[in-house]
>>> print(open('entry_36.cif').read())   # mmCIF, C-alpha atoms
data_target
#
loop_
_atom_site.group_PDB
_atom_site.id
_atom_site.type_symbol
_atom_site.label_atom_id
_atom_site.label_comp_id
_atom_site.auth_asym_id
_atom_site.auth_seq_id
_atom_site.Cartn_x
_atom_site.Cartn_y
_atom_site.Cartn_z
ATOM 1 C CA MET A 281 -130.519 21.274 70.951
ATOM 2 C CA THR A 282 -127.628 22.969 69.414
ATOM 3 C CA ILE A 283 -127.024 22.441 65.749
ATOM 4 C CA GLN A 284 -123.402 22.934 64.517
ATOM 5 C CA THR A 285 -122.808 23.750 60.942
ATOM 6 C CA THR A 286 -119.520 23.185 59.143
ATOM 7 C CA THR A 287 -118.422 25.705 56.609
ATOM 8 C CA GLU A 288 -115.602 24.952 54.102
ATOM 9 C CA CYS A 289 -112.688 27.377 53.966
ATOM 10 C CA GLN A 290 -112.447 28.599 50.437
ATOM 11 C CA PRO A 291 -109.406 30.453 49.139
ATOM 12 C CA SER A 292 -109.659 34.025 48.469
ATOM 13 C CA PRO A 293 -109.490 35.341 44.914
ATOM 14 C CA LYS A 294 -106.085 36.933 45.554
ATOM 15 C CA MET A 295 -104.541 33.619 46.668
ATOM 16 C CA THR A 296 -105.875 31.810 43.638
ATOM 17 C CA SER A 297 -104.409 34.397 41.314
ATOM 18 C CA SER A 298 -100.927 34.214 42.911
ATOM 19 C CA ARG A 299 -100.866 30.423 42.647
ATOM 20 C CA ARG A 300 -101.676 30.580 38.966
ATOM 21 C CA ASN A 301 -98.892 33.095 38.377
ATOM 22 C CA LEU A 302 -96.373 30.916 40.211
ATOM 23 C CA SER A 303 -97.333 27.842 38.174
ATOM 24 C CA SER A 304 -96.936 29.803 34.977
ATOM 25 C CA LYS A 305 -93.500 30.955 35.988
ATOM 26 C CA PHE A 306 -92.329 27.380 36.723
ATOM 27 C CA LEU A 307 -93.691 26.245 33.404
ATOM 28 C CA LEU A 308 -91.914 29.017 31.541
ATOM 29 C CA ILE A 309 -88.654 28.272 33.316
ATOM 30 C CA SER A 310 -88.811 24.536 32.458
ATOM 31 C CA ILE A 311 -89.608 25.281 28.814
ATOM 32 C CA ALA A 312 -86.746 27.773 28.570
ATOM 33 C CA SER A 313 -84.240 25.337 30.114
ATOM 34 C CA SER A 314 -85.255 22.536 27.741
ATOM 35 C CA LEU A 315 -84.952 24.816 24.740
ATOM 36 C CA LEU A 316 -81.559 26.017 25.917
ATOM 37 C CA SER A 317 -80.159 22.507 26.381
ATOM 38 C CA SER A 318 -81.468 21.290 23.035
ATOM 39 C CA SER A 319 -80.035 24.227 21.140
ATOM 40 C CA ARG A 320 -76.454 23.929 22.493
ATOM 41 C CA ALA A 321 -75.472 21.457 19.784
ATOM 42 C CA PHE A 322 -76.274 24.055 17.134
ATOM 43 C CA VAL A 323 -74.615 27.001 18.788
ATOM 44 C CA ASN A 324 -71.312 28.134 17.284
ATOM 45 C CA GLN A 325 -68.554 27.071 19.658
ATOM 46 C CA PRO A 326 -64.962 28.366 19.647
ATOM 47 C CA ARG A 327 -62.497 25.805 18.312
ATOM 48 C CA THR A 328 -58.706 25.897 18.197
ATOM 49 C CA THR A 329 -57.230 24.763 14.884
ATOM 50 C CA GLN A 330 -53.597 24.191 13.924
ATOM 51 C CA VAL A 331 -52.009 25.269 10.663
ATOM 52 C CA HIS A 332 -49.903 22.465 9.187
ATOM 53 C CA LEU A 333 -46.979 23.134 6.896
ATOM 54 C CA PHE A 334 -45.541 20.367 4.744
ATOM 55 C CA ASP A 335 -41.863 20.479 3.821
ATOM 56 C CA ARG A 336 -41.601 18.752 0.439
ATOM 57 C CA SER A 337 -37.835 18.453 0.607
ATOM 58 C CA PHE A 338 -37.897 16.223 3.697
ATOM 59 C CA GLY A 339 -41.512 15.050 3.963
ATOM 60 C CA ILE A 340 -42.067 16.519 7.473
ATOM 61 C CA VAL A 341 -45.376 17.895 8.723
ATOM 62 C CA SER A 342 -44.883 20.625 11.304
ATOM 63 C CA THR A 343 -47.243 22.947 13.219
ATOM 64 C CA ALA A 344 -46.630 26.538 12.181
ATOM 65 C CA GLY A 345 -49.150 28.252 14.466
ATOM 66 C CA THR A 346 -52.669 28.248 15.903
ATOM 67 C CA SER A 347 -55.795 30.251 15.215
ATOM 68 C CA THR A 348 -59.234 30.366 16.831
ATOM 69 C CA SER A 349 -62.314 30.120 14.631
ATOM 70 C CA SER A 350 -66.015 29.231 14.985
ATOM 71 C CA LEU A 351 -66.870 25.988 13.230
ATOM 72 C CA PHE A 352 -70.041 23.905 13.027
ATOM 73 C CA LEU A 353 -69.727 20.335 14.238
ATOM 74 C CA SER A 354 -70.913 19.058 10.884
ATOM 75 C CA SER A 355 -68.127 20.863 8.953
ATOM 76 C CA SER A 356 -65.124 19.756 11.053
ATOM 77 C CA VAL A 357 -64.727 16.430 9.283
ATOM 78 C CA THR A 358 -64.878 17.824 5.765
ATOM 79 C CA GLU A 359 -62.260 20.434 6.618
ATOM 80 C CA ASP A 360 -59.611 17.967 7.851
ATOM 81 C CA ARG A 361 -59.806 15.521 4.937
ATOM 82 C CA PRO A 362 -58.129 17.655 2.230
ATOM 83 C CA VAL A 363 -55.062 18.244 4.468
ATOM 84 C CA GLN A 364 -54.633 14.530 5.077
ATOM 85 C CA ASN A 365 -54.980 13.705 1.376
ATOM 86 C CA THR A 366 -52.442 16.389 0.424
ATOM 87 C CA ASN A 367 -49.895 15.033 2.846
ATOM 88 C CA ASN A 368 -50.359 11.497 1.572
ATOM 89 C CA ASN A 369 -49.884 12.631 -2.031
ATOM 90 C CA ASN A 370 -46.751 14.564 -1.138
ATOM 91 C CA ASN A 371 -45.364 11.598 0.784
ATOM 92 C CA ASN A 372 -45.977 9.358 -2.217
ATOM 93 C CA GLU A 373 -44.154 11.815 -4.485
ATOM 94 C CA ILE A 374 -41.166 11.932 -2.137
ATOM 95 C CA GLU A 375 -41.032 8.151 -1.876
ATOM 96 C CA GLU A 376 -41.095 7.916 -5.681
ATOM 97 C CA GLU A 377 -38.272 10.469 -5.941
ATOM 98 C CA ASN A 378 -36.191 8.591 -3.356
ATOM 99 C CA ARG A 379 -36.588 5.342 -5.289
ATOM 100 C CA ASN A 380 -35.216 7.007 -8.411
ATOM 101 C CA VAL A 381 -32.098 8.372 -6.693
ATOM 102 C CA ILE A 382 -28.902 6.537 -7.678
ATOM 103 C CA VAL A 383 -25.876 7.035 -5.441
ATOM 104 C CA LYS A 384 -22.568 6.673 -7.227
ATOM 105 C CA LEU A 385 -19.658 5.672 -5.030
ATOM 106 C CA PRO A 386 -16.004 5.840 -6.021
ATOM 107 C CA VAL A 387 -14.566 2.511 -7.131
ATOM 108 C CA VAL A 388 -11.025 3.219 -5.979
ATOM 109 C CA ILE A 389 -10.079 4.842 -2.681
ATOM 110 C CA PRO A 390 -6.625 6.412 -3.135
ATOM 111 C CA PRO A 391 -4.036 5.432 -0.522
ATOM 112 C CA SER A 392 -3.461 7.995 2.192
ATOM 113 C CA ASN A 393 -0.313 8.493 4.239
ATOM 114 C CA ASN A 394 -2.132 10.523 6.954
ATOM 115 C CA GLY A 395 0.771 12.955 7.115
ATOM 116 C CA GLN A 396 3.364 10.144 7.247
ATOM 117 C CA PRO A 397 6.178 9.743 4.686
ATOM 118 C CA VAL A 398 5.110 6.130 3.949
ATOM 119 C CA MET A 399 1.717 5.291 2.390
ATOM 120 C CA ALA A 400 -0.093 2.184 3.603
ATOM 121 C CA ILE A 401 -1.511 0.005 0.807
ATOM 122 C CA HIS A 402 -4.553 -2.029 1.872
ATOM 123 C CA THR A 403 -6.034 -3.198 -1.451
ATOM 124 C CA THR A 404 -4.991 -4.106 -4.990
ATOM 125 C CA GLN A 405 -6.949 -1.096 -6.291
ATOM 126 C CA GLN A 406 -4.825 1.235 -4.176
ATOM 127 C CA PHE A 407 -1.654 -0.474 -5.361
ATOM 128 C CA LEU A 408 -2.549 -0.006 -9.036
ATOM 129 C CA HIS A 409 -3.790 3.534 -8.415
ATOM 130 C CA LEU A 410 -0.451 4.482 -6.828
ATOM 131 C CA LEU A 411 1.554 3.198 -9.780
ATOM 132 C CA GLU A 412 -0.722 4.611 -12.480
ATOM 133 C CA THR A 413 -0.970 8.108 -10.957
ATOM 134 C CA ALA A 414 2.700 8.516 -10.083
ATOM 135 C CA PRO A 415 4.506 11.473 -11.736
ATOM 136 C CA THR A 416 6.220 10.775 -15.055
ATOM 137 C CA ASN A 417 9.750 9.362 -14.538
ATOM 138 C CA GLY A 418 9.122 9.463 -10.771
ATOM 139 C CA LEU A 419 10.118 6.551 -8.532
ATOM 140 C CA VAL A 420 7.736 4.521 -6.376
ATOM 141 C CA VAL A 421 9.495 2.498 -3.649
ATOM 142 C CA ILE A 422 7.334 -0.275 -2.163
ATOM 143 C CA LYS A 423 8.310 -2.391 0.838
ATOM 144 C CA TYR A 424 6.561 -5.693 1.519
ATOM 145 C CA HIS A 425 6.472 -7.121 5.032
ATOM 146 C CA ALA A 426 4.609 -9.666 7.171
ATOM 147 C CA LYS A 427 3.309 -9.321 10.712
ATOM 148 C CA PHE A 428 4.960 -12.570 11.806
ATOM 149 C CA CYS A 429 8.379 -11.530 10.411
ATOM 150 C CA LYS A 430 10.784 -10.351 13.152
ATOM 151 C CA VAL A 431 13.219 -8.807 10.656
ATOM 152 C CA CYS A 432 10.329 -6.822 9.132
ATOM 153 C CA ALA A 433 9.561 -5.361 12.553
ATOM 154 C CA ARG A 434 13.166 -4.172 12.873
ATOM 155 C CA VAL A 435 13.280 -2.430 9.486
ATOM 156 C CA ILE A 436 9.967 -0.555 9.804
ATOM 157 C CA ILE A 437 11.536 2.395 11.632
ATOM 158 C CA LYS A 438 14.548 2.418 9.296
ATOM 159 C CA PHE A 439 12.302 2.551 6.241
ATOM 160 C CA LYS A 440 10.276 5.429 7.701
ATOM 161 C CA LYS A 441 13.416 7.389 8.557
ATOM 162 C CA MET A 442 14.738 6.873 5.039
ATOM 163 C CA ALA A 443 11.464 8.075 3.517
ATOM 164 C CA HIS A 444 11.357 11.113 5.825
ATOM 165 C CA THR A 445 14.950 12.067 4.935
ATOM 166 C CA MET A 446 14.425 11.812 1.179
ATOM 167 C CA GLU A 447 11.119 13.632 1.413
ATOM 168 C CA ASN A 448 12.933 16.716 2.693
ATOM 169 C CA GLU A 449 15.754 16.457 0.127
ATOM 170 C CA GLN A 450 15.775 17.931 -3.371
ATOM 171 C CA THR A 451 15.731 14.760 -5.458
ATOM 172 C CA PRO A 452 16.189 14.838 -9.277
ATOM 173 C CA VAL A 453 12.762 13.218 -9.752
ATOM 174 C CA PRO A 454 9.757 12.826 -7.439
ATOM 175 C CA ILE A 455 9.871 9.796 -5.150
ATOM 176 C CA GLN A 456 7.118 8.074 -3.182
ATOM 177 C CA PHE A 457 7.283 5.416 -0.470
ATOM 178 C CA ALA A 458 4.634 2.791 0.233
ATOM 179 C CA ASP A 459 4.191 -0.228 2.480
ATOM 180 C CA VAL A 460 2.280 -3.474 1.807
ATOM 181 C CA GLU A 461 1.411 -6.004 4.525
ATOM 182 C CA LEU A 462 1.191 -9.682 3.505
ATOM 183 C CA THR A 463 -1.851 -10.897 5.463
ATOM 184 C CA ALA A 464 -4.041 -8.057 4.139
ATOM 185 C CA ASN A 465 -2.823 -8.501 0.531
ATOM 186 C CA ALA A 466 -1.949 -12.194 0.258
ATOM 187 C CA LYS A 467 -3.392 -12.669 -3.231
ATOM 188 C CA MET A 468 -1.642 -9.593 -4.596
ATOM 189 C CA CYS A 469 1.717 -10.693 -3.153
ATOM 190 C CA ALA A 470 1.253 -14.152 -4.671
ATOM 191 C CA THR A 471 0.526 -12.641 -8.102
ATOM 192 C CA LEU A 472 3.654 -10.495 -7.847
ATOM 193 C CA GLY A 473 5.721 -13.572 -6.915
ATOM 194 C CA ILE A 474 6.839 -12.233 -3.530
ATOM 195 C CA LYS A 475 7.682 -15.111 -1.208
ATOM 196 C CA LYS A 476 10.251 -13.747 1.248
ATOM 197 C CA PHE A 477 10.178 -10.757 3.554
ATOM 198 C CA PRO A 478 11.104 -7.995 3.878
ATOM 199 C CA PHE A 479 11.056 -7.418 0.124
ATOM 200 C CA LEU A 480 11.486 -4.244 -1.938
ATOM 201 C CA GLN A 481 10.383 -3.121 -5.408
ATOM 202 C CA ILE A 482 11.057 0.129 -7.279
ATOM 203 C CA TYR A 483 8.743 1.228 -10.102
ATOM 204 C CA ARG A 484 9.265 3.863 -12.773
ATOM 205 C CA ASN A 485 6.418 4.640 -15.214
ATOM 206 C CA THR A 486 4.624 1.456 -13.994
ATOM 207 C CA GLU A 487 7.720 -0.609 -14.872
ATOM 208 C CA CYS A 488 9.487 -2.574 -12.143
ATOM 209 C CA ILE A 489 13.166 -1.624 -12.445
ATOM 210 C CA ALA A 490 14.328 -3.192 -9.141
ATOM 211 C CA SER A 491 13.047 -6.157 -7.134
ATOM 212 C CA PHE A 492 15.026 -7.854 -4.324
ATOM 213 C CA GLY A 493 14.980 -9.052 -0.734
ATOM 214 C CA THR A 494 16.486 -6.578 1.715
ATOM 215 C CA GLY A 495 18.287 -9.214 3.799
ATOM 216 C CA PRO A 496 19.110 -8.750 7.509
ATOM 217 C CA ALA A 497 18.038 -5.610 9.342
ATOM 218 C CA HIS A 498 21.607 -4.296 9.700
ATOM 219 C CA ASN A 499 22.024 -4.516 5.894
ATOM 220 C CA PHE A 500 18.766 -2.660 5.112
ATOM 221 C CA GLN A 501 20.219 0.848 4.904
ATOM 222 C CA ARG A 502 23.036 -0.130 2.559
ATOM 223 C CA ALA A 503 20.996 -2.405 0.272
ATOM 224 C CA VAL A 504 17.895 -0.229 0.008
ATOM 225 C CA GLY A 505 19.383 3.247 0.401
ATOM 226 C CA GLY A 506 22.214 2.498 -2.041
ATOM 227 C CA THR A 507 19.825 1.165 -4.706
ATOM 228 C CA ILE A 508 17.492 4.179 -4.423
ATOM 229 C CA LYS A 509 20.331 6.677 -4.735
ATOM 230 C CA ASP A 510 21.711 4.804 -7.724
ATOM 231 C CA ARG A 511 18.315 4.942 -9.493
ATOM 232 C CA LEU A 512 17.921 8.643 -8.707
ATOM 233 C CA ALA A 513 21.278 9.369 -10.328
ATOM 234 C CA THR A 514 20.480 7.397 -13.488
ATOM 235 C CA THR A 515 20.345 9.513 -16.667
ATOM 236 C CA GLU A 516 17.828 9.104 -19.472
ATOM 237 C CA GLU A 517 20.377 7.334 -21.696
ATOM 238 C CA GLU A 518 21.240 4.945 -18.880
ATOM 239 C CA TRP A 519 17.556 4.235 -18.370
ATOM 240 C CA GLU A 520 17.213 3.142 -21.995
ATOM 241 C CA VAL A 521 20.184 0.806 -21.643
ATOM 242 C CA MET A 522 18.825 -0.586 -18.369
ATOM 243 C CA ARG A 523 15.380 -1.156 -19.882
ATOM 244 C CA ALA A 524 16.964 -3.075 -22.751
ATOM 245 C CA ASP A 525 18.998 -5.219 -20.342
ATOM 246 C CA LEU A 526 15.977 -5.913 -18.122
ATOM 247 C CA LYS A 527 13.518 -6.390 -20.971
ATOM 248 C CA GLU A 528 12.341 -9.850 -19.895
ATOM 249 C CA GLU A 529 12.015 -8.865 -16.223
ATOM 250 C CA ILE A 530 10.081 -5.696 -17.129
ATOM 251 C CA GLU A 531 7.731 -7.606 -19.427
ATOM 252 C CA GLY A 532 7.138 -10.157 -16.668
ATOM 253 C CA GLY A 533 6.284 -7.338 -14.274
ATOM 254 C CA GLN A 534 3.853 -5.836 -16.783
ATOM 255 C CA GLU A 535 2.125 -9.192 -17.104
ATOM 256 C CA GLU A 536 1.747 -9.354 -13.319
ATOM 257 C CA LEU A 537 0.126 -5.913 -13.313
ATOM 258 C CA ARG A 538 -2.207 -7.001 -16.103
ATOM 259 C CA LEU A 539 -3.313 -9.978 -14.007
ATOM 260 C CA LEU A 540 -3.929 -7.687 -11.049
ATOM 261 C CA ARG A 541 -6.105 -5.441 -13.205
ATOM 262 C CA LEU A 542 -8.100 -8.424 -14.433
ATOM 263 C CA ASP A 543 -8.575 -9.537 -10.847
ATOM 264 C CA VAL A 544 -9.882 -6.096 -9.882
ATOM 265 C CA GLU A 545 -12.056 -5.473 -12.940
ATOM 266 C CA GLY A 546 -13.584 -8.963 -12.928
ATOM 267 C CA PRO A 547 -14.357 -11.442 -15.717
ATOM 268 C CA VAL A 548 -16.257 -8.872 -17.825
ATOM 269 C CA GLU A 549 -13.084 -7.510 -19.358
ATOM 270 C CA VAL A 550 -11.888 -11.047 -20.139
ATOM 271 C CA GLU A 551 -15.129 -11.851 -21.976
ATOM 272 C CA GLU A 552 -14.860 -8.669 -24.028
ATOM 273 C CA GLU A 553 -11.285 -9.515 -24.891
ATOM 274 C CA PHE A 554 -12.248 -12.998 -26.090
ATOM 275 C CA SER A 555 -15.189 -11.617 -28.046
ATOM 276 C CA GLU A 556 -12.892 -9.230 -29.892
ATOM 277 C CA VAL A 557 -10.510 -12.089 -30.725
ATOM 278 C CA ASP A 558 -13.410 -14.245 -31.929
ATOM 279 C CA GLY A 559 -14.584 -11.371 -34.092
ATOM 280 C CA LYS A 560 -11.168 -11.011 -35.704
ATOM 281 C CA ILE A 561 -10.959 -14.732 -36.356
ATOM 282 C CA SER A 562 -14.430 -14.831 -37.883
ATOM 283 C CA ASN A 563 -13.581 -11.894 -40.139
ATOM 284 C CA GLU A 564 -10.379 -13.512 -41.333
ATOM 285 C CA PHE A 565 -12.066 -16.762 -42.276
ATOM 286 C CA THR A 566 -15.169 -15.179 -43.787
ATOM 287 C CA PRO A 567 -15.116 -15.739 -47.605
#
>>> encode(input="entry_36.cif", output="structure tokens")
Amino acid sequence: MTIQTTTECQPSPKMTSSRRNLSSKFLLISIASSLLSSSRAFVNQPRTTQVHLFDRSFGIVSTAGTSTSSLFLSSSVTEDRPVQNTNNNNNNEIEEENRNVIVKLPVVIPPSNNGQPVMAIHTTQQFLHLLETAPTNGLVVIKYHAKFCKVCARVIIKFKKMAHTMENEQTPVPIQFADVELTANAKMCATLGIKKFPFLQIYRNTECIASFGTGPAHNFQRAVGGTIKDRLATTEEEWEVMRADLKEEIEGGQEELRLLRLDVEGPVEVEEEFSEVDGKISNEFTP
């Protein structure tokens, strides 16, 4: 009878030692990787920041340049807040300054002839400005016309030629030519009492010294040109005689200009005028 015996295979001491070393290495590697991953949030990382410049004159924030710096994640928020607050304060200051700005616009736009010998009058302000700023003893010749008037259309070129000719001549006194269209200045024409067209007026020192209808187109040159030349040749003594003869007409023209000024300036001037009169009356009757 044969008896078999089983013997267990036991590892050698060298194999056991190598297995322990390998396990230790894996353990060290796992610990190192976990430490590395957990410490990344606290490692200084490069961050690109922008430098903002604020232009106080226009309220514009612009990027002037970039710089690279190492910042902690916990400090990024506290660093951006002061810039935002500064910009908001500056914007508020600019808005406050803009609210306090007062733009003053001119009340009267002077008439412009755009290089032409005849000035176009579009408003009552321009009409009064032309008369009040004319040279002393100079003549202002104003033609009134309407778009629907066929005769007016025929005399437009004749009036421009006349103005161009006299502009190049050496006249005794300065002379200006202007044109007023009815539909754009209906109220002004009504105040001046102009009812037929074409119509002509000549002013000297804001006084109307000639006012008449020009008649047919073929008569325009003789009626208008002859009257202008006659007024240019008038001496100072003859002016005084003419002003005395036309006293009522001149006073009526001055009243029309006064009404035009009241229409332009508004009711404020009228109230001041009445207040002054009331003051005089109250002073006279005060015991």
>>> resolve_selection(input="entry_36.cif", expression="the PyMOL selection byres ((chain A and resi 464-473) around 9)", output="list of chain:residue names")
A:Ile401, A:His402, A:Thr403, A:Thr404, A:Tyr424, A:Val460, A:Glu461, A:Leu462, A:Thr463, A:Ile474, A:Lys475, A:Gly533, A:Glu536, A:Leu537, A:Leu539, A:Leu540
>>> resolve_selection(input="entry_36.cif", expression="the PyMOL selection byres ((chain A and resi 397) around 10)", output="compact mmCIF listing (two decimals) with C-alpha atoms, keeping the file's coordinate frame")
# COMPACT_ATOMS: atom_id res chain seq x y z
CA ASN A 393 -0.31 8.49 4.24
CA ASN A 394 -2.13 10.52 6.95
CA GLY A 395 0.77 12.96 7.12
CA GLN A 396 3.36 10.14 7.25
CA VAL A 398 5.11 6.13 3.95
CA MET A 399 1.72 5.29 2.39
CA ALA A 400 -0.09 2.18 3.60
CA PHE A 439 12.30 2.55 6.24
CA LYS A 440 10.28 5.43 7.70
CA LYS A 441 13.42 7.39 8.56
CA MET A 442 14.74 6.87 5.04
CA ALA A 443 11.46 8.07 3.52
CA HIS A 444 11.36 11.11 5.82
CA THR A 445 14.95 12.07 4.93
CA MET A 446 14.42 11.81 1.18
CA GLU A 447 11.12 13.63 1.41
CA ASN A 448 12.93 16.72 2.69
CA GLN A 456 7.12 8.07 -3.18
CA PHE A 457 7.28 5.42 -0.47
CA ALA A 458 4.63 2.79 0.23
>>> atom_distance(input="entry_36.cif", atom1="atom CA of A:Leu411", atom2="atom CA of A:Thr486")
5.5 Å
>>> resolve_selection(input="entry_36.cif", expression="the PyMOL selection byres ((chain A and resi 427-436) around 7)", output="list in words")
His425, Ala426, Ile437, Lys438, Phe439, Lys440, Phe477, Pro478, Pro496 and Ala497 of chain A
>>> closest_residue(input="entry_36.cif", among="A:Lys509, A:Arg523, A:Lys305, A:Arg541", to="A:Thr451", atoms="all atoms listed in the file")
A:Lys509
>>> decode(input="entry_36.cif", residues="stretch 460-484 of chain A", atoms="C-alpha atoms", output="PDB file, in the first residue's frame")
ATOM      1  CA  VAL A 460     -40.638 137.669 -49.242  1.00  0.00           C
ATOM      2  CA  GLU A 461     -42.983 134.851 -50.296  1.00  0.00           C
ATOM      3  CA  LEU A 462     -46.645 135.112 -49.230  1.00  0.00           C
ATOM      4  CA  THR A 463     -47.475 131.519 -48.251  1.00  0.00           C
ATOM      5  CA  ALA A 464     -44.458 131.287 -45.913  1.00  0.00           C
ATOM      6  CA  ASN A 465     -45.134 134.717 -44.340  1.00  0.00           C
ATOM      7  CA  ALA A 466     -48.904 135.161 -44.581  1.00  0.00           C
ATOM      8  CA  LYS A 467     -49.325 136.716 -41.134  1.00  0.00           C
ATOM      9  CA  MET A 468     -46.493 139.180 -41.674  1.00  0.00           C
ATOM     10  CA  CYS A 469     -47.899 140.270 -45.052  1.00  0.00           C
ATOM     11  CA  ALA A 470     -51.332 140.754 -43.482  1.00  0.00           C
ATOM     12  CA  THR A 471     -49.853 142.931 -40.715  1.00  0.00           C
ATOM     13  CA  LEU A 472     -48.043 145.041 -43.309  1.00  0.00           C
ATOM     14  CA  GLY A 473     -51.293 145.456 -45.277  1.00  0.00           C
ATOM     15  CA  ILE A 474     -49.982 143.841 -48.466  1.00  0.00           C
ATOM     16  CA  LYS A 475     -52.864 142.431 -50.489  1.00  0.00           C
ATOM     17  CA  LYS A 476     -51.708 142.474 -54.115  1.00  0.00           C
ATOM     18  CA  PHE A 477     -48.661 141.006 -55.797  1.00  0.00           C
ATOM     19  CA  PRO A 478     -46.004 141.645 -56.856  1.00  0.00           C
ATOM     20  CA  PHE A 479     -45.535 144.428 -54.314  1.00  0.00           C
ATOM     21  CA  LEU A 480     -42.485 146.528 -53.420  1.00  0.00           C
ATOM     22  CA  GLN A 481     -41.353 148.446 -50.327  1.00  0.00           C
ATOM     23  CA  ILE A 482     -38.249 150.577 -49.745  1.00  0.00           C
ATOM     24  CA  TYR A 483     -36.994 151.203 -46.201  1.00  0.00           C
ATOM     25  CA  ARG A 484     -34.507 153.762 -44.930  1.00  0.00           C
TER      26      ARG A 484
END
